[in-house]
$ cat start.cif   # mmCIF, C-alpha atoms
data_model
loop_
_atom_site.label_atom_id
_atom_site.label_comp_id
_atom_site.auth_asym_id
_atom_site.auth_seq_id
_atom_site.Cartn_x
_atom_site.Cartn_y
_atom_site.Cartn_z
CA MET P 26 -81.66 -49.03 75.80
CA ALA P 27 -80.63 -51.27 72.95
CA VAL P 28 -78.43 -49.06 70.81
CA PRO P 29 -76.30 -51.15 68.46
CA SER P 30 -72.59 -50.82 69.13
CA HIS P 31 -71.78 -49.55 65.61
CA ASP P 32 -74.29 -46.71 66.06
CA ARG P 33 -72.63 -45.74 69.33
CA LEU P 34 -69.28 -45.76 67.52
CA VAL P 35 -70.60 -43.41 64.83
CA PHE P 36 -72.04 -41.14 67.54
CA ALA P 37 -68.73 -41.12 69.41
CA LEU P 38 -66.88 -40.24 66.20
CA LEU P 39 -69.32 -37.42 65.55
CA LEU P 40 -68.75 -35.99 69.03
CA LEU P 41 -64.98 -36.34 68.63
CA PHE P 42 -65.08 -34.55 65.31
CA LEU P 43 -67.22 -31.72 66.68
CA GLY P 44 -64.83 -31.30 69.59
CA PHE P 45 -61.87 -31.19 67.22
CA ALA P 46 -63.60 -28.65 64.95
CA ALA P 47 -64.42 -26.42 67.95
CA GLU P 48 -60.82 -26.65 69.12
CA VAL P 49 -59.46 -25.69 65.69
CA HIS P 50 -61.89 -22.79 65.46
CA ALA P 51 -61.08 -21.54 68.97
CA GLY P 52 -57.37 -21.86 68.24
CA LYS P 53 -57.71 -19.70 65.15
CA SER P 54 -59.82 -16.87 66.45
CA PRO P 55 -57.51 -14.60 68.43
CA THR P 56 -54.57 -14.26 66.08
CA GLU P 57 -55.81 -15.20 62.64
CA GLU P 58 -59.26 -13.65 62.60
CA ARG P 59 -58.77 -10.48 64.59
CA GLY P 60 -54.99 -10.24 64.34
CA PRO P 61 -52.75 -9.50 67.32
CA ASP P 62 -53.41 -6.51 69.54
CA TRP P 63 -50.74 -3.82 69.79
CA THR P 64 -49.60 -5.14 73.17
CA GLN P 65 -49.18 -8.61 71.68
CA LEU P 66 -46.56 -7.36 69.20
CA SER P 67 -42.91 -7.78 70.05
CA LEU P 68 -40.96 -4.70 71.09
CA GLU P 69 -39.15 -4.79 67.77
CA GLN P 70 -42.44 -4.89 65.83
CA GLN P 71 -43.82 -2.04 67.95
CA ARG P 72 -40.72 0.05 67.21
CA ILE P 73 -40.97 -0.54 63.46
CA LEU P 74 -44.73 -0.03 63.29
CA ALA P 75 -44.73 2.88 65.78
CA PRO P 76 -46.35 5.34 63.30
CA LEU P 77 -49.42 3.04 63.27
CA ALA P 78 -49.80 2.71 67.05
CA ASP P 79 -52.87 4.99 67.19
CA GLU P 80 -54.54 3.42 64.14
CA TRP P 81 -53.82 -0.19 65.16
CA PRO P 82 -57.18 -0.83 66.92
CA LYS P 83 -59.01 0.28 63.77
CA ILE P 84 -56.97 -1.96 61.45
CA GLU P 85 -58.70 -5.27 60.74
CA GLY P 86 -57.10 -8.70 61.20
CA ALA P 87 -55.83 -9.46 57.71
CA ARG P 88 -54.20 -6.04 57.40
CA ARG P 89 -52.59 -6.31 60.85
CA ASN P 90 -50.92 -9.50 59.70
CA LYS P 91 -49.85 -7.77 56.50
CA TRP P 92 -48.17 -4.96 58.48
CA ILE P 93 -46.37 -7.58 60.55
CA GLY P 94 -45.19 -9.06 57.25
CA ILE P 95 -43.98 -5.62 56.14
CA ALA P 96 -42.12 -5.24 59.46
CA ARG P 97 -40.25 -8.47 58.65
CA HIS P 98 -38.75 -6.78 55.57
CA TYR P 99 -37.66 -3.73 57.55
CA PRO P 100 -34.31 -5.04 58.91
CA LYS P 101 -33.14 -5.84 55.36
CA MET P 102 -33.64 -2.25 54.18
CA THR P 103 -31.13 0.60 54.06
CA PRO P 104 -31.58 3.34 56.70
CA GLN P 105 -32.97 5.61 53.98
CA GLN P 106 -35.54 3.02 52.91
CA GLN P 107 -36.47 2.40 56.52
CA GLU P 108 -37.08 6.10 57.02
CA ARG P 109 -39.24 6.30 53.89
CA LEU P 110 -41.24 3.27 54.96
CA GLN P 111 -42.01 4.66 58.38
CA SER P 112 -42.86 8.12 57.08
CA ARG P 113 -45.42 6.68 54.62
CA MET P 114 -47.09 4.12 56.89
CA LYS P 115 -49.84 6.40 58.15
CA GLN P 116 -50.70 7.67 54.70
CA TRP P 117 -50.77 4.11 53.29
CA ALA P 118 -53.04 2.89 56.08
CA SER P 119 -55.48 5.75 55.50
CA MET P 120 -55.82 5.09 51.76
CA THR P 121 -58.73 3.13 50.29
CA PRO P 122 -58.14 -0.46 49.12
CA GLU P 123 -58.72 0.75 45.54
CA GLN P 124 -56.01 3.40 45.84
CA ARG P 125 -53.56 0.89 47.27
CA ALA P 126 -54.36 -1.55 44.47
CA GLN P 127 -53.82 1.22 41.91
CA VAL P 128 -50.43 2.12 43.40
CA ARG P 129 -49.31 -1.52 43.50
CA ASP P 130 -50.33 -2.01 39.91
CA ARG P 131 -48.43 1.06 38.72
CA TYR P 132 -45.41 0.21 40.86
CA LYS P 133 -45.23 -3.23 39.25
CA LYS P 134 -45.28 -1.67 35.79
CA LEU P 135 -42.63 0.84 36.76
CA LYS P 136 -40.45 -1.96 38.09
CA GLU P 137 -40.57 -3.70 34.72
CA MET P 138 -39.02 -0.65 33.04
CA SER P 139 -35.29 -0.22 32.45
CA PRO P 140 -33.30 1.47 35.27
CA GLU P 141 -32.72 4.47 32.96
CA LYS P 142 -36.43 5.01 32.44
CA ARG P 143 -37.13 4.62 36.12
CA ASP P 144 -34.44 7.18 36.93
CA ALA P 145 -35.94 9.53 34.36
CA ILE P 146 -39.35 9.28 36.01
CA HIS P 147 -37.81 9.91 39.43
CA ARG P 148 -36.13 13.03 38.04
CA LYS P 149 -39.39 14.18 36.48
CA TRP P 150 -41.12 13.81 39.81
CA LYS P 151 -38.53 16.04 41.46
CA GLU P 152 -39.06 18.62 38.71
CA TYR P 153 -42.83 18.35 39.15
CA GLU P 154 -42.46 18.88 42.87
CA GLY P 155 -40.65 22.13 42.07
CA LEU P 156 -43.73 23.52 40.28
CA THR P 157 -45.92 26.04 42.08
CA GLU P 158 -49.18 24.87 43.61
CA GLU P 159 -51.05 26.92 41.00
CA GLU P 160 -49.30 25.09 38.15
CA LYS P 161 -49.96 21.72 39.73
CA LYS P 162 -53.60 22.60 40.21
CA ARG P 163 -53.90 23.57 36.54
CA LEU P 164 -52.37 20.26 35.49
CA ARG P 165 -54.74 18.31 37.75
CA GLN P 166 -57.68 20.09 36.17
CA ALA P 167 -56.46 19.36 32.63
CA PRO P 168 -58.55 16.95 30.51
CA GLN P 169 -57.98 13.30 31.27
CA LEU P 170 -55.34 11.57 29.23
CA HIS P 171 -56.15 8.79 26.83
CA PRO P 172 -57.21 6.19 27.89
CA ALA P 173 -59.41 8.39 30.03
CA SER P 174 -59.63 6.39 33.22
CA GLN P 175 -55.99 5.35 33.38
CA PRO P 176 -53.70 8.36 33.66
CA GLY P 177 -51.09 6.08 35.19
CA LYS P 178 -50.47 4.59 31.77
CA THR P 179 -47.92 7.31 31.14
CA LEU P 180 -45.76 5.85 33.88
CA THR P 181 -45.38 2.72 31.84
CA ARG P 182 -45.14 4.21 28.41
CA ASP P 183 -41.96 3.29 26.51
CA MET C 28 -134.73 -66.77 54.46
CA SER C 29 -134.10 -66.42 58.16
CA LYS C 30 -131.50 -64.12 59.59
CA GLN C 31 -129.36 -67.10 60.48
CA ASP C 32 -129.44 -68.42 56.90
CA PHE C 33 -128.59 -65.00 55.56
CA ALA C 34 -125.53 -64.73 57.82
CA GLU C 35 -124.34 -68.19 56.88
CA ASN C 36 -124.62 -67.29 53.21
CA ILE C 37 -122.45 -64.20 53.70
CA ALA C 38 -119.85 -66.21 55.61
CA ARG C 39 -119.78 -68.84 52.84
CA TYR C 40 -119.32 -66.24 50.12
CA LEU C 41 -116.49 -64.64 52.06
CA ASP C 42 -114.76 -67.99 52.59
CA GLU C 43 -115.07 -68.81 48.89
CA GLY C 44 -113.69 -65.36 48.02
CA LEU C 45 -110.76 -65.91 50.36
CA ASP C 46 -109.89 -69.15 48.62
CA ARG C 47 -109.81 -67.33 45.30
CA LEU C 48 -107.28 -64.60 46.40
CA PRO C 49 -104.22 -64.39 44.09
CA ALA C 50 -100.98 -65.83 45.46
CA GLY C 51 -99.20 -62.46 45.33
CA THR C 52 -101.85 -60.81 47.48
CA LEU C 53 -101.66 -63.63 50.00
CA TYR C 54 -97.88 -63.30 50.14
CA ARG C 55 -98.03 -59.55 50.76
CA LEU C 56 -100.67 -60.02 53.43
CA ARG C 57 -98.45 -62.57 55.17
CA LEU C 58 -95.46 -60.26 55.08
CA ALA C 59 -97.53 -57.40 56.53
CA ARG C 60 -98.82 -59.66 59.26
CA ASP C 61 -95.31 -60.88 60.16
CA ALA C 62 -94.02 -57.30 60.28
CA ALA C 63 -96.91 -56.20 62.49
CA LEU C 64 -96.32 -59.13 64.83
CA ALA C 65 -92.58 -58.37 64.98
CA ARG C 66 -93.30 -54.76 65.88
CA ALA C 67 -95.82 -55.77 68.48
CA HIS C 68 -93.31 -58.22 69.94
CA LEU C 69 -90.57 -55.55 70.11
CA GLY C 70 -93.00 -53.18 71.81
CA GLU C 71 -93.71 -55.76 74.48
CA SER C 72 -90.09 -56.66 75.21
CA GLU C 73 -88.88 -53.02 75.11
CA PRO C 74 -91.68 -50.90 76.42
CA GLY C 75 -91.31 -47.26 75.36
CA ARG C 76 -88.71 -47.71 72.71
CA SER C 77 -86.43 -44.85 73.84
CA ILE C 78 -85.63 -41.65 72.06
CA HIS C 79 -81.99 -42.78 71.91
CA THR C 80 -82.74 -45.73 69.69
CA ARG C 81 -84.84 -43.48 67.51
CA PHE C 82 -82.05 -40.95 66.95
CA LEU C 83 -78.87 -42.90 67.68
CA ASN C 84 -78.95 -45.04 64.62
CA ARG C 85 -76.97 -45.00 61.45
CA ARG C 86 -79.83 -43.72 59.34
CA VAL C 87 -79.67 -40.43 61.23
CA LEU C 88 -76.07 -40.21 62.39
CA VAL C 89 -74.29 -41.02 59.15
CA PRO C 90 -76.01 -38.30 57.07
CA VAL C 91 -75.45 -35.79 59.92
CA PHE C 92 -71.78 -36.75 60.11
CA VAL C 93 -71.35 -36.46 56.33
CA LEU C 94 -73.15 -33.11 56.30
CA ILE C 95 -70.98 -31.64 59.06
CA LEU C 96 -67.83 -33.00 57.46
CA GLY C 97 -68.81 -31.51 54.12
CA LEU C 98 -69.59 -28.10 55.62
CA SER C 99 -66.31 -28.08 57.54
CA VAL C 100 -64.29 -28.91 54.44
CA LEU C 101 -66.11 -26.15 52.58
CA LEU C 102 -65.40 -23.62 55.34
CA LEU C 103 -61.74 -24.59 55.66
CA TRP C 104 -61.30 -24.42 51.90
CA HIS C 105 -62.95 -21.01 51.88
CA GLU C 106 -60.63 -19.72 54.58
CA GLU C 107 -57.49 -20.82 52.78
CA PRO C 108 -54.91 -18.05 53.03
CA SER C 109 -54.40 -18.31 49.27
CA SER C 110 -57.71 -16.51 48.79
CA GLN C 111 -56.16 -13.50 50.55
CA PRO C 112 -53.10 -12.43 48.57
CA ASP C 113 -50.04 -11.53 50.56
CA TYR C 114 -49.19 -7.91 49.84
CA ALA C 115 -46.54 -7.56 52.53
CA GLU C 116 -43.60 -7.83 50.15
CA ILE C 117 -44.86 -5.48 47.45
CA ASP C 118 -46.17 -2.98 50.02
CA ALA C 119 -42.76 -2.96 51.73
CA GLN C 120 -41.18 -2.20 48.34
CA VAL C 121 -43.69 0.49 47.41
CA LEU C 122 -43.38 2.24 50.76
CA SER C 123 -39.59 2.24 50.79
CA ASP C 124 -39.16 3.19 47.12
CA GLU C 125 -37.62 6.46 46.01
CA LEU C 126 -40.84 7.54 44.28
CA PRO C 127 -43.43 8.50 46.90
CA VAL C 128 -46.90 6.96 46.96
CA THR C 129 -48.41 10.36 46.07
CA ALA C 130 -46.69 10.27 42.68
CA TYR C 131 -48.75 7.27 41.58
CA LEU C 132 -52.02 8.97 42.43
CA ASP C 133 -51.33 12.55 41.38
CA SER C 134 -53.22 13.14 38.14
CA GLY C 135 -51.32 16.43 37.65
CA PHE C 136 -48.02 14.55 37.58
CA GLU C 137 -49.46 12.14 35.04
CA VAL C 138 -50.43 14.97 32.71
CA TRP C 139 -47.13 16.74 33.22
CA LEU C 140 -45.13 13.56 32.65
CA TYR C 141 -47.14 12.76 29.54
CA HIS C 142 -46.41 16.11 27.94
CA HIS C 143 -42.78 16.18 28.96
CA THR C 144 -41.95 12.74 27.65
CA THR C 145 -43.62 13.26 24.27
CA ASP C 146 -41.85 16.53 23.55
#
$ encode --input "start.cif" --output "structure tokens"
Amino acid sequence: MAVPSHDRLVFALLLLFLGFAAEVHAGKSPTEERGPDWTQLSLEQQRILAPLADEWPKIEGARRNKWIGIARHYPKMTPQQQERLQSRMKQWASMTPEQRAQVRDRYKKLKEMSPEKRDAIHRKWKEYEGLTEEEKKRLRQAPQLHPASQPGKTLTRD
Amino acid sequence: MSKQDFAENIARYLDEGLDRLPAGTLYRLRLARDAALARAHLGESEPGRSIHTRFLNRRVLVPVFVLILGLSVLLLWHEEPSSQPDYAEIDAQVLSDELPVTAYLDSGFEVWLYHHTTD
């Protein structure tokens, strides 16, 4: 077999590269593509994310990593914030991506407002919560605000 | 004219025609002959030119290498984490905020807030 040496070199490089690519791909698959399983989380992460224990197998890789990122913020929160976070985890995980995007968008706008306006909205929410279910239902059935598809605009109105 | 004479005439015409071939045609014929001889020679010295020499040569390997490299770069670039925004920070803020998540999605609250802030 008279294969020129430079051709053998190219072939060897090709094999080396394929091996490297396979290694990189294999190295990525368990944690980055599927995300860690519940048992692979640290005890601390399991404690923080406990409300999601049942849902965890159904959560896809990218979102698992996002929840781990959220858990990293947990120790820096006040006890009250920590309690709120844990009590809302399940609801947040069950929402559609569109709903989550809508909430994030409105939260960002609310954050840009002055502290006084934010406090006013918080107070209004408490008042709204005090309404009867009948009154709330009537308000939900009221004609859409202008602009029609974005009722959340009122949260950002000056 | 006998058969012999007829054959000699044909041979003479062919020889004369050969002498009148253009130089370019002669040159191309010589090149083709040399190439054929070289191939025949290679076939004799390396009987059954192997499949390895047919596929393990730069004409095949280099394009394959470049193709695989290109595809890998494309895949890696596509899987860059930057294409997947990191919502961990904002989600942590939203979920720990005083205003519950429901408030942002409750159309009744929107209507109520609208009327009570314009009054």
$ residues_around --input "start.cif" --residues "Lys161 in chain P" --least-positions-apart "5" --cutoff "12 Å" --atoms "all atoms listed in the file" --output "list in words"
Trp150, Glu152, Tyr153, Glu154, Gly155, Leu156, Gln166 and Ala167 of chain P; Asp133, Ser134, Gly135, Phe136, Glu137, Val138, Trp139 and Leu140 of chain C
$ closest_residue --input "start.cif" --among "P:Gln111, P:Thr121, P:Gln106, P:Gln65" --to "chain C" --atoms "all atoms listed in the file"
P:Gln106
$ resolve_selection --input "start.cif" --expression "the PyMOL selection byres ((chain C) within 9 of (chain P))" --output "PyMOL selection string"
chain C and resi 73+76-77+79-80+83-85+88-89+91-92+95-96+99+111+113-141+143-144
$ resolve_selection --input "start.cif" --expression "the PyMOL selection byres ((chain P and resi 76-78) around 8)" --output "list in words"
Trp63, Gln71, Ile73, Leu74, Ala75, Asp79, Glu80, Trp81, Gln111, Ser112, Met114 and Lys115 of chain P
$ atom_distance --input "start.cif" --atom1 "CA of Leu58 in chain C" --atom2 "CA of Glu43 in chain C"
22.3 Å
$ atom_distance --input "start.cif" --atom1 "CA of Arg89 in chain P" --atom2 "CA of Arg59 in chain P"
8.3 Å
